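Coordinates from target05.cif are shown below (mmCIF, C-alpha atoms).
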data_model
#
loop_
_atom_site.group_PDB
_atom_site.id
_atom_site.type_symbol
_atom_site.label_atom_id
_atom_site.label_comp_id
_atom_site.auth_asym_id
_atom_site.auth_seq_id
_atom_site.Cartn_x
_atom_site.Cartn_y
_atom_site.Cartn_z
ATOM 1 C CA SER A 1209 -23.057 -5.057 -18.568
ATOM 2 C CA PRO A 1210 -19.392 -5.293 -19.666
ATOM 3 C CA ILE A 1211 -19.652 -9.103 -19.676
ATOM 4 C CA ARG A 1212 -22.832 -9.047 -21.773
ATOM 5 C CA ALA A 1213 -21.217 -6.600 -24.181
ATOM 6 C CA ALA A 1214 -18.149 -8.823 -24.487
ATOM 7 C CA LEU A 1215 -20.272 -11.892 -25.205
ATOM 8 C CA ALA A 1216 -22.268 -9.970 -27.811
ATOM 9 C CA LEU A 1217 -19.029 -8.844 -29.462
ATOM 10 C CA LEU A 1218 -17.743 -12.423 -29.646
ATOM 11 C CA ALA A 1219 -21.070 -13.499 -31.130
ATOM 12 C CA GLU A 1220 -20.768 -10.785 -33.807
ATOM 13 C CA ARG A 1221 -17.364 -12.173 -34.718
ATOM 14 C CA GLY A 1222 -18.772 -15.690 -35.009
ATOM 15 C CA LEU A 1223 -16.823 -17.072 -32.054
ATOM 16 C CA LEU A 1224 -19.981 -17.651 -30.031
ATOM 17 C CA GLU A 1225 -23.581 -18.523 -30.817
ATOM 18 C CA HIS A 1226 -26.479 -17.274 -28.744
ATOM 19 C CA GLU A 1227 -29.299 -19.684 -28.001
ATOM 20 C CA PRO A 1228 -32.375 -18.293 -26.223
ATOM 21 C CA GLY A 1229 -32.875 -19.935 -22.877
ATOM 22 C CA ARG A 1230 -29.383 -21.429 -22.866
ATOM 23 C CA GLY A 1231 -27.012 -18.516 -23.276
ATOM 24 C CA TYR A 1232 -23.835 -18.465 -25.376
ATOM 25 C CA LEU A 1233 -22.154 -21.518 -26.876
ATOM 26 C CA LEU A 1234 -18.663 -21.742 -28.340
ATOM 27 C CA ALA A 1235 -18.893 -21.738 -32.133
ATOM 28 C CA ARG A 1236 -15.210 -21.818 -33.019
ATOM 29 C CA LEU A 1237 -11.777 -20.981 -31.656
ATOM 30 C CA PRO A 1238 -10.181 -17.635 -32.568
ATOM 31 C CA ASN A 1239 -7.593 -17.447 -35.314
ATOM 32 C CA GLU A 1240 -5.086 -14.913 -36.617
ATOM 33 C CA THR A 1241 -7.648 -13.103 -38.754
ATOM 34 C CA ASP A 1242 -9.652 -12.232 -35.643
ATOM 35 C CA GLU A 1243 -6.801 -9.970 -34.546
ATOM 36 C CA GLN A 1244 -6.135 -8.227 -37.859
ATOM 37 C CA ASP A 1245 -7.972 -5.068 -36.783
ATOM 38 C CA SER A 1246 -6.061 -4.746 -33.546
ATOM 39 C CA LEU A 1247 -3.733 -1.878 -32.675
ATOM 40 C CA ALA A 1248 -0.509 -2.140 -30.735
ATOM 41 C CA PRO A 1249 -0.957 -1.694 -26.949
ATOM 42 C CA SER A 1250 0.576 1.775 -27.041
ATOM 43 C CA GLU A 1251 -1.719 2.821 -29.894
ATOM 44 C CA MET A 1252 -4.754 1.418 -28.078
ATOM 45 C CA GLU A 1253 -3.834 3.431 -24.995
ATOM 46 C CA MET A 1254 -3.430 6.561 -27.117
ATOM 47 C CA LEU A 1255 -6.867 6.009 -28.684
ATOM 48 C CA TYR A 1256 -8.338 5.512 -25.215
ATOM 49 C CA ARG A 1257 -6.848 8.786 -23.996
ATOM 50 C CA ARG A 1258 -7.959 10.707 -27.083
ATOM 51 C CA ILE A 1259 -11.557 9.551 -26.700
ATOM 52 C CA MET A 1260 -11.408 10.244 -22.970
ATOM 53 C CA SER A 1261 -10.093 13.781 -23.467
ATOM 54 C CA ASP A 1262 -12.525 14.600 -26.279
ATOM 55 C CA ARG A 1263 -15.479 13.319 -24.275
ATOM 56 C CA ALA A 1264 -14.390 15.261 -21.186
ATOM 57 C CA ALA A 1265 -14.093 18.400 -23.350
ATOM 58 C CA GLY A 1266 -17.622 17.895 -24.682
ATOM 59 C CA SER A 1267 -16.586 17.357 -28.306
ATOM 60 C CA ILE A 1268 -18.135 13.871 -28.388
ATOM 61 C CA ALA A 1269 -21.900 13.523 -28.001
ATOM 62 C CA ASP A 1270 -23.608 11.533 -25.248
ATOM 63 C CA GLU A 1271 -24.430 8.816 -27.794
ATOM 64 C CA VAL A 1272 -22.228 7.835 -30.725
ATOM 65 C CA SER A 1273 -21.870 4.993 -33.185
ATOM 66 C CA GLU A 1274 -18.763 2.926 -33.751
ATOM 67 C CA THR A 1275 -18.753 4.206 -37.343
ATOM 68 C CA GLU A 1276 -18.592 7.833 -36.163
ATOM 69 C CA LEU A 1277 -15.608 7.135 -33.923
ATOM 70 C CA THR A 1278 -13.923 5.017 -36.592
ATOM 71 C CA GLU A 1279 -14.079 7.917 -39.052
ATOM 72 C CA ARG A 1280 -13.152 10.517 -36.434
ATOM 73 C CA TYR A 1281 -9.954 8.788 -35.293
ATOM 74 C CA GLY A 1282 -8.991 6.964 -38.484
ATOM 75 C CA VAL A 1283 -8.793 3.513 -36.915
ATOM 76 C CA SER A 1284 -10.612 0.233 -37.422
ATOM 77 C CA ARG A 1285 -14.015 -0.508 -35.937
ATOM 78 C CA GLY A 1286 -12.485 -3.380 -33.985
ATOM 79 C CA ALA A 1287 -10.031 -1.017 -32.312
ATOM 80 C CA VAL A 1288 -12.804 1.430 -31.439
ATOM 81 C CA ARG A 1289 -14.912 -1.401 -30.058
ATOM 82 C CA LYS A 1290 -12.116 -2.665 -27.832
ATOM 83 C CA VAL A 1291 -11.560 0.780 -26.362
ATOM 84 C CA LEU A 1292 -15.286 1.262 -25.811
ATOM 85 C CA MET A 1293 -15.377 -2.098 -24.043
ATOM 86 C CA ARG A 1294 -12.736 -0.730 -21.697
ATOM 87 C CA PHE A 1295 -14.899 2.336 -21.075
ATOM 88 C CA ALA A 1296 -17.807 0.017 -20.283
ATOM 89 C CA THR A 1297 -15.692 -1.970 -17.839
ATOM 90 C CA GLU A 1298 -14.810 1.277 -16.041
ATOM 91 C CA GLY A 1299 -18.450 2.354 -15.893
ATOM 92 C CA LEU A 1300 -17.920 5.234 -18.315
ATOM 93 C CA ALA A 1301 -20.004 3.932 -21.230
ATOM 94 C CA ARG A 1302 -22.707 1.417 -22.040
ATOM 95 C CA ARG A 1303 -23.631 -0.418 -25.201
ATOM 96 C CA LEU A 1304 -26.850 0.551 -26.972
ATOM 97 C CA GLN A 1305 -28.816 -1.307 -29.612
ATOM 98 C CA GLY A 1306 -26.890 -1.994 -32.802
ATOM 99 C CA HIS A 1307 -23.452 -0.384 -32.936
ATOM 100 C CA GLY A 1308 -24.309 2.581 -30.727
ATOM 101 C CA TRP A 1309 -22.708 3.503 -27.413
ATOM 102 C CA GLY A 1310 -23.843 5.873 -24.682
ATOM 103 C CA PHE A 1311 -21.350 7.674 -22.471
ATOM 104 C CA ALA A 1312 -21.974 8.261 -18.799
ATOM 105 C CA GLU A 1313 -23.142 11.762 -17.952
ATOM 106 C CA SER A 1314 -20.193 14.037 -17.191
ATOM 107 C CA LEU A 1315 -19.065 17.623 -16.611
ATOM 108 C CA THR A 1316 -18.249 18.871 -20.089
ATOM 109 C CA SER A 1317 -17.421 22.583 -19.694
ATOM 110 C CA GLU A 1318 -15.293 24.762 -17.408
ATOM 111 C CA GLU A 1319 -18.380 26.651 -16.265
ATOM 112 C CA VAL A 1320 -20.187 23.462 -15.271
ATOM 113 C CA VAL A 1321 -17.111 22.131 -13.469
ATOM 114 C CA ALA A 1322 -16.841 25.383 -11.485
ATOM 115 C CA GLU A 1323 -20.517 25.155 -10.549
ATOM 116 C CA SER A 1324 -19.947 21.561 -9.464
ATOM 117 C CA TYR A 1325 -17.226 22.627 -7.032
ATOM 118 C CA GLN A 1326 -19.482 25.341 -5.589
ATOM 119 C CA PHE A 1327 -22.262 22.813 -5.179
ATOM 120 C CA ARG A 1328 -19.917 20.385 -3.455
ATOM 121 C CA LEU A 1329 -18.832 23.072 -0.993
ATOM 122 C CA ILE A 1330 -22.444 23.624 0.003
ATOM 123 C CA VAL A 1331 -23.425 19.965 0.198
ATOM 124 C CA GLU A 1332 -20.316 18.240 1.568
ATOM 125 C CA CYS A 1333 -19.513 20.870 4.184
ATOM 126 C CA GLY A 1334 -23.202 21.055 5.067
ATOM 127 C CA ALA A 1335 -23.267 17.284 5.628
ATOM 128 C CA LEU A 1336 -20.816 17.664 8.515
ATOM 129 C CA ARG A 1337 -23.167 20.141 10.211
ATOM 130 C CA GLN A 1338 -26.209 17.859 10.222
ATOM 131 C CA PRO A 1339 -27.670 17.144 13.690
ATOM 132 C CA GLY A 1340 -27.451 13.403 13.064
ATOM 133 C CA PHE A 1341 -23.793 13.467 11.990
ATOM 134 C CA GLU A 1342 -21.846 10.652 13.645
ATOM 135 C CA VAL A 1343 -18.499 9.149 12.693
ATOM 136 C CA ASP A 1344 -18.250 5.397 12.159
ATOM 137 C CA ARG A 1345 -14.892 4.508 13.714
ATOM 138 C CA GLN A 1346 -14.327 1.381 11.637
ATOM 139 C CA GLU A 1347 -15.108 3.179 8.386
ATOM 140 C CA LEU A 1348 -12.812 6.020 9.453
ATOM 141 C CA ALA A 1349 -9.981 3.542 10.030
ATOM 142 C CA ASN A 1350 -10.623 1.956 6.619
ATOM 143 C CA LEU A 1351 -10.597 5.329 4.866
ATOM 144 C CA ARG A 1352 -7.389 6.332 6.603
ATOM 145 C CA ALA A 1353 -5.705 3.034 5.651
ATOM 146 C CA ALA A 1354 -6.690 3.543 1.993
ATOM 147 C CA GLN A 1355 -5.130 7.008 2.003
ATOM 148 C CA GLU A 1356 -1.956 5.704 3.657
ATOM 149 C CA THR A 1357 -1.657 2.990 1.001
ATOM 150 C CA ILE A 1358 -1.528 5.624 -1.744
ATOM 151 C CA LEU A 1359 0.923 7.764 0.239
ATOM 152 C CA THR A 1360 3.347 4.873 0.609
ATOM 153 C CA ALA A 1361 2.945 3.583 -2.963
ATOM 154 C CA GLU A 1362 5.836 3.897 -5.366
ATOM 155 C CA GLN A 1363 5.658 7.119 -7.374
ATOM 156 C CA GLY A 1364 3.780 6.631 -10.630
ATOM 157 C CA SER A 1365 2.295 3.293 -9.574
ATOM 158 C CA VAL A 1366 -1.149 4.593 -8.575
ATOM 159 C CA ARG A 1367 -3.668 3.830 -11.324
ATOM 160 C CA ARG A 1368 -6.347 6.309 -12.283
ATOM 161 C CA ASP A 1369 -9.224 3.938 -11.480
ATOM 162 C CA HIS A 1370 -7.811 3.205 -8.014
ATOM 163 C CA TRP A 1371 -7.257 6.889 -7.264
ATOM 164 C CA PHE A 1372 -10.777 7.828 -8.325
ATOM 165 C CA ARG A 1373 -12.316 4.987 -6.325
ATOM 166 C CA VAL A 1374 -10.452 5.891 -3.114
ATOM 167 C CA ASN A 1375 -11.134 9.612 -3.593
ATOM 168 C CA ALA A 1376 -14.848 9.082 -4.273
ATOM 169 C CA GLN A 1377 -15.218 6.699 -1.354
ATOM 170 C CA PHE A 1378 -13.723 9.291 0.994
ATOM 171 C CA HIS A 1379 -16.233 11.992 0.051
ATOM 172 C CA GLU A 1380 -19.234 9.650 -0.077
ATOM 173 C CA THR A 1381 -18.442 8.131 3.317
ATOM 174 C CA LEU A 1382 -18.183 11.527 4.994
ATOM 175 C CA ALA A 1383 -21.601 12.402 3.564
ATOM 176 C CA SER A 1384 -23.014 9.063 4.764
ATOM 177 C CA TRP A 1385 -22.110 9.940 8.365
ATOM 178 C CA SER A 1386 -24.719 12.699 8.171
ATOM 179 C CA HIS A 1387 -27.354 9.922 8.055
ATOM 180 C CA ASN A 1388 -29.197 11.939 5.441
ATOM 181 C CA ARG A 1389 -29.892 9.765 2.414
ATOM 182 C CA PHE A 1390 -30.458 12.736 0.111
ATOM 183 C CA LEU A 1391 -27.046 14.222 0.857
ATOM 184 C CA VAL A 1392 -25.445 10.857 0.135
ATOM 185 C CA GLN A 1393 -27.318 10.613 -3.163
ATOM 186 C CA VAL A 1394 -26.200 14.008 -4.440
ATOM 187 C CA VAL A 1395 -22.552 13.457 -3.418
ATOM 188 C CA ARG A 1396 -22.595 10.116 -5.235
ATOM 189 C CA GLN A 1397 -24.151 11.794 -8.271
ATOM 190 C CA GLN A 1398 -21.424 14.429 -8.286
ATOM 191 C CA ASN A 1399 -18.770 11.713 -8.146
ATOM 192 C CA ASN A 1400 -20.357 9.993 -11.129
ATOM 193 C CA LEU A 1401 -20.520 13.271 -13.062
ATOM 194 C CA ARG A 1402 -16.859 14.130 -12.481
ATOM 195 C CA ARG A 1403 -15.593 10.618 -13.180
ATOM 196 C CA MET A 1404 -14.891 11.268 -16.860
ATOM 197 C CA THR A 1405 -13.238 14.658 -16.274
ATOM 198 C CA GLU A 1406 -11.000 13.379 -13.493
ATOM 199 C CA TYR A 1407 -10.069 10.273 -15.487
ATOM 200 C CA ALA A 1408 -9.089 12.501 -18.406
ATOM 201 C CA ASP A 1409 -7.093 14.881 -16.196
ATOM 202 C CA PHE A 1410 -5.341 12.163 -14.191
ATOM 203 C CA ASP A 1411 -2.177 12.265 -16.307
ATOM 204 C CA LYS A 1412 -1.850 15.990 -15.530
ATOM 205 C CA LEU A 1413 -1.807 15.335 -11.788
ATOM 206 C CA SER A 1414 1.651 15.315 -10.270
ATOM 207 C CA GLY A 1415 2.636 12.790 -7.654
ATOM 208 C CA ALA A 1416 2.976 15.690 -5.222
ATOM 209 C CA ARG A 1417 -0.639 16.763 -5.823
ATOM 210 C CA ILE A 1418 -1.926 13.237 -5.178
ATOM 211 C CA HIS A 1419 0.135 13.025 -1.987
ATOM 212 C CA ASN A 1420 -1.103 16.428 -0.844
ATOM 213 C CA ALA A 1421 -4.705 15.375 -1.450
ATOM 214 C CA CYS A 1422 -4.182 12.225 0.616
ATOM 215 C CA LYS A 1423 -2.584 14.235 3.426
ATOM 216 C CA GLU A 1424 -5.526 16.642 3.375
ATOM 217 C CA HIS A 1425 -7.940 13.696 3.540
ATOM 218 C CA ILE A 1426 -6.052 12.242 6.503
ATOM 219 C CA ALA A 1427 -6.054 15.606 8.311
ATOM 220 C CA ILE A 1428 -9.839 15.795 7.893
ATOM 221 C CA LEU A 1429 -10.243 12.233 9.184
ATOM 222 C CA ASP A 1430 -7.986 12.938 12.179
ATOM 223 C CA ALA A 1431 -10.017 16.026 13.094
ATOM 224 C CA LEU A 1432 -13.210 13.973 12.909
ATOM 225 C CA GLY A 1433 -11.586 11.231 14.957
ATOM 226 C CA ASP A 1434 -10.794 13.826 17.632
ATOM 227 C CA GLY A 1435 -14.391 14.991 17.602
ATOM 228 C CA ASP A 1436 -13.529 18.427 16.196
ATOM 229 C CA VAL A 1437 -16.168 18.596 13.476
ATOM 230 C CA GLU A 1438 -15.847 22.372 13.082
ATOM 231 C CA PHE A 1439 -12.133 22.095 12.288
ATOM 232 C CA ALA A 1440 -12.805 19.138 9.969
ATOM 233 C CA GLU A 1441 -15.354 21.219 8.058
ATOM 234 C CA ALA A 1442 -12.830 24.054 7.655
ATOM 235 C CA LEU A 1443 -10.239 21.586 6.340
ATOM 236 C CA LEU A 1444 -12.765 20.043 3.942
ATOM 237 C CA ARG A 1445 -13.727 23.480 2.648
ATOM 238 C CA ARG A 1446 -10.068 24.374 2.066
ATOM 239 C CA HIS A 1447 -9.505 21.010 0.363
ATOM 240 C CA ILE A 1448 -12.351 21.484 -2.129
ATOM 241 C CA GLU A 1449 -11.487 25.143 -2.774
ATOM 242 C CA ARG A 1450 -7.854 24.245 -3.420
ATOM 243 C CA ALA A 1451 -8.859 21.564 -5.910
ATOM 244 C CA SER A 1452 -11.048 24.098 -7.697
ATOM 245 C CA ARG A 1453 -8.248 26.680 -7.849
ATOM 246 C CA GLU A 1454 -5.761 24.164 -9.196
ATOM 247 C CA LEU A 1455 -8.207 23.216 -11.925
ATOM 248 C CA ASP A 1456 -8.540 26.907 -12.864
ATOM 249 C CA ASP A 1457 -4.739 27.154 -12.997
ATOM 250 C CA GLY A 1458 -4.728 24.505 -15.718
ATOM 251 C CA LEU A 1459 -3.629 21.331 -13.939
#

Please re-express this file's structure in structure tokens.
Amino acid sequence: SPIRAALALLAERGLLEHEPGRGYLLARLPNETDEQDSLAPSEMEMLYRRIMSDRAAGSIADEVSETELTERYGVSRGAVRKVLMRFATEGLARRLQGHGWGFAESLTSEEVVAESYQFRLIVECGALRQPGFEVDRQELANLRAAQETILTAEQGSVRRDHWFRVNAQFHETLASWSHNRFLVQVVRQQNNLRRMTEYADFDKLSGARIHNACKEHIAILDALGDGDVEFAEALLRRHIERASRELDDGL
């Protein structure tokens, strides 16, 4: 989808031509005027964060037009489009017909976020108690290695997309060991719902909090590796409850 959106954008600017049955053909090379509506990298990043925060707070609708965002933030349509393309690349938005964009479903209020944590406690801890629960040793080793990589990374070098991917993979994999497809589906859905909120809040996370989360993940994996599922469940419950409390404290 991001590639199709990028090609459509280049066609709108006259750089490409679309021919049915053949695809896109180069119409002309870009020139200086094609970049006149660009913002400086720092300004683009600021626009990205503003849209991210406003969407996470629920002040931007599920579907918006480029014109709406252009007027809201006082920037050019080209700048808005570039940022939205970045959202699309990250799986947080998709292009609609015309100049419309649809954001991925997300948790857009404190009450809903709190309910999400309660739901995760029930589902994720319950997954470890399923009669068919069985740890995949190779997957466990891979998860542990991913956590260790973040722990040993230079402070401030962990990107938000990498952190979310590793974090989501940890929780989804634990659910998959239950061998219950419905539990896996709902954990994956929860990860998708909280993607926008966690992306927006990433800058508020301290390096210590990320390290603590990784250490908690590793402790859970070690308990599972030792066959102590009951202890692993207790650690997972404490991990999710702590994350919920820290969110309430305004991280």

Practice item. Run the PyMOL selection byres ((chain A and resi 1236) around 10) mentally over the shown coordinates, then write out the matched residues as an MDAnalysis selection string, using the chain letters and numbers from the document. Key: chainID A and resid 1222:1225 1233:1235 1237:1239

**Study point:** Residues near Ala1322 in chain A, cut-off 8 Å, all atoms listed in the file, skip fewer than 4 positions along chain, as a list in words
**Key:**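 Selected residues are Glu1318, Gln1326 and Ser1452 of chain A.
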
Exercise for review: Take the PyMOL selection byres ((chain A and resi 1380) around 10), apply it to the structure above, and return the hits as a ChimeraX atom specification.
Suggested key: /A:1332,1375-1379,1381-1385,1391-1399

Exercise for review: Please identify all polymer residues lying at most 12 Å from the point (-10.7, 14.9, -14.9) (file coordinates), using only C-alpha atoms, and present the result as a ChimeraX atom specification.
Suggested key: /A:1257,1260-1265,1314-1318,1321,1368-1369,1371-1372,1399-1413,1451-1452,1454-1455,1458-1459

Take the residues that were just selected and, keeping C-alpha atoms, output them as a compact mmCIF listing (two decimals), in the frame of the given file.
# COMPACT_ATOMS: atom_id res chain seq x y z
CA ARG A 1257 -6.85 8.79 -24.00
CA MET A 1260 -11.41 10.24 -22.97
CA SER A 1261 -10.09 13.78 -23.47
CA ASP A 1262 -12.52 14.60 -26.28
CA ARG A 1263 -15.48 13.32 -24.28
CA ALA A 1264 -14.39 15.26 -21.19
CA ALA A 1265 -14.09 18.40 -23.35
CA SER A 1314 -20.19 14.04 -17.19
CA LEU A 1315 -19.07 17.62 -16.61
CA THR A 1316 -18.25 18.87 -20.09
CA SER A 1317 -17.42 22.58 -19.69
CA GLU A 1318 -15.29 24.76 -17.41
CA VAL A 1321 -17.11 22.13 -13.47
CA ARG A 1368 -6.35 6.31 -12.28
CA ASP A 1369 -9.22 3.94 -11.48
CA TRP A 1371 -7.26 6.89 -7.26
CA PHE A 1372 -10.78 7.83 -8.32
CA ASN A 1399 -18.77 11.71 -8.15
CA ASN A 1400 -20.36 9.99 -11.13
CA LEU A 1401 -20.52 13.27 -13.06
CA ARG A 1402 -16.86 14.13 -12.48
CA ARG A 1403 -15.59 10.62 -13.18
CA MET A 1404 -14.89 11.27 -16.86
CA THR A 1405 -13.24 14.66 -16.27
CA GLU A 1406 -11.00 13.38 -13.49
CA TYR A 1407 -10.07 10.27 -15.49
CA ALA A 1408 -9.09 12.50 -18.41
CA ASP A 1409 -7.09 14.88 -16.20
CA PHE A 1410 -5.34 12.16 -14.19
CA ASP A 1411 -2.18 12.26 -16.31
CA LYS A 1412 -1.85 15.99 -15.53
CA LEU A 1413 -1.81 15.34 -11.79
CA ALA A 1451 -8.86 21.56 -5.91
CA SER A 1452 -11.05 24.10 -7.70
CA GLU A 1454 -5.76 24.16 -9.20
CA LEU A 1455 -8.21 23.22 -11.92
CA GLY A 1458 -4.73 24.50 -15.72
CA LEU A 1459 -3.63 21.33 -13.94

Exercise for review: With a distance cut-off of 10 Å and all atoms listed in the file, select the neighbouring residues of Phe1311 in chain A, excluding the residue or stretch itself and same-chain residues fewer than 2 positions from it, and output the selection as JSON, numbers by chain.
Suggested key: {"A": [1263, 1268, 1269, 1270, 1271, 1272, 1292, 1295, 1296, 1299, 1300, 1301, 1302, 1303, 1309, 1313, 1314, 1404]}

Using C-alpha atoms, can you write the selected residues to a file as a PDB file, in the frame of the given file?
ATOM      1  CA  ARG A1263     -15.479  13.319 -24.275  1.00  0.00           C
ATOM      2  CA  ILE A1268     -18.135  13.871 -28.388  1.00  0.00           C
ATOM      3  CA  ALA A1269     -21.900  13.523 -28.001  1.00  0.00           C
ATOM      4  CA  ASP A1270     -23.608  11.533 -25.248  1.00  0.00           C
ATOM      5  CA  GLU A1271     -24.430   8.816 -27.794  1.00  0.00           C
ATOM      6  CA  VAL A1272     -22.228   7.835 -30.725  1.00  0.00           C
ATOM      7  CA  LEU A1292     -15.286   1.262 -25.811  1.00  0.00           C
ATOM      8  CA  PHE A1295     -14.899   2.336 -21.075  1.00  0.00           C
ATOM      9  CA  ALA A1296     -17.807   0.017 -20.283  1.00  0.00           C
ATOM     10  CA  GLY A1299     -18.450   2.354 -15.893  1.00  0.00           C
ATOM     11  CA  LEU A1300     -17.920   5.234 -18.315  1.00  0.00           C
ATOM     12  CA  ALA A1301     -20.004   3.932 -21.230  1.00  0.00           C
ATOM     13  CA  ARG A1302     -22.707   1.417 -22.040  1.00  0.00           C
ATOM     14  CA  ARG A1303     -23.631  -0.418 -25.201  1.00  0.00           C
ATOM     15  CA  TRP A1309     -22.708   3.503 -27.413  1.00  0.00           C
ATOM     16  CA  GLU A1313     -23.142  11.762 -17.952  1.00  0.00           C
ATOM     17  CA  SER A1314     -20.193  14.037 -17.191  1.00  0.00           C
ATOM     18  CA  MET A1404     -14.891  11.268 -16.860  1.00  0.00           C
TER      19      MET A1404
END

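Interatomic distance, CA of Ile1426 in chain A to CA of Gln1355 in chain A: 7.0 Å.
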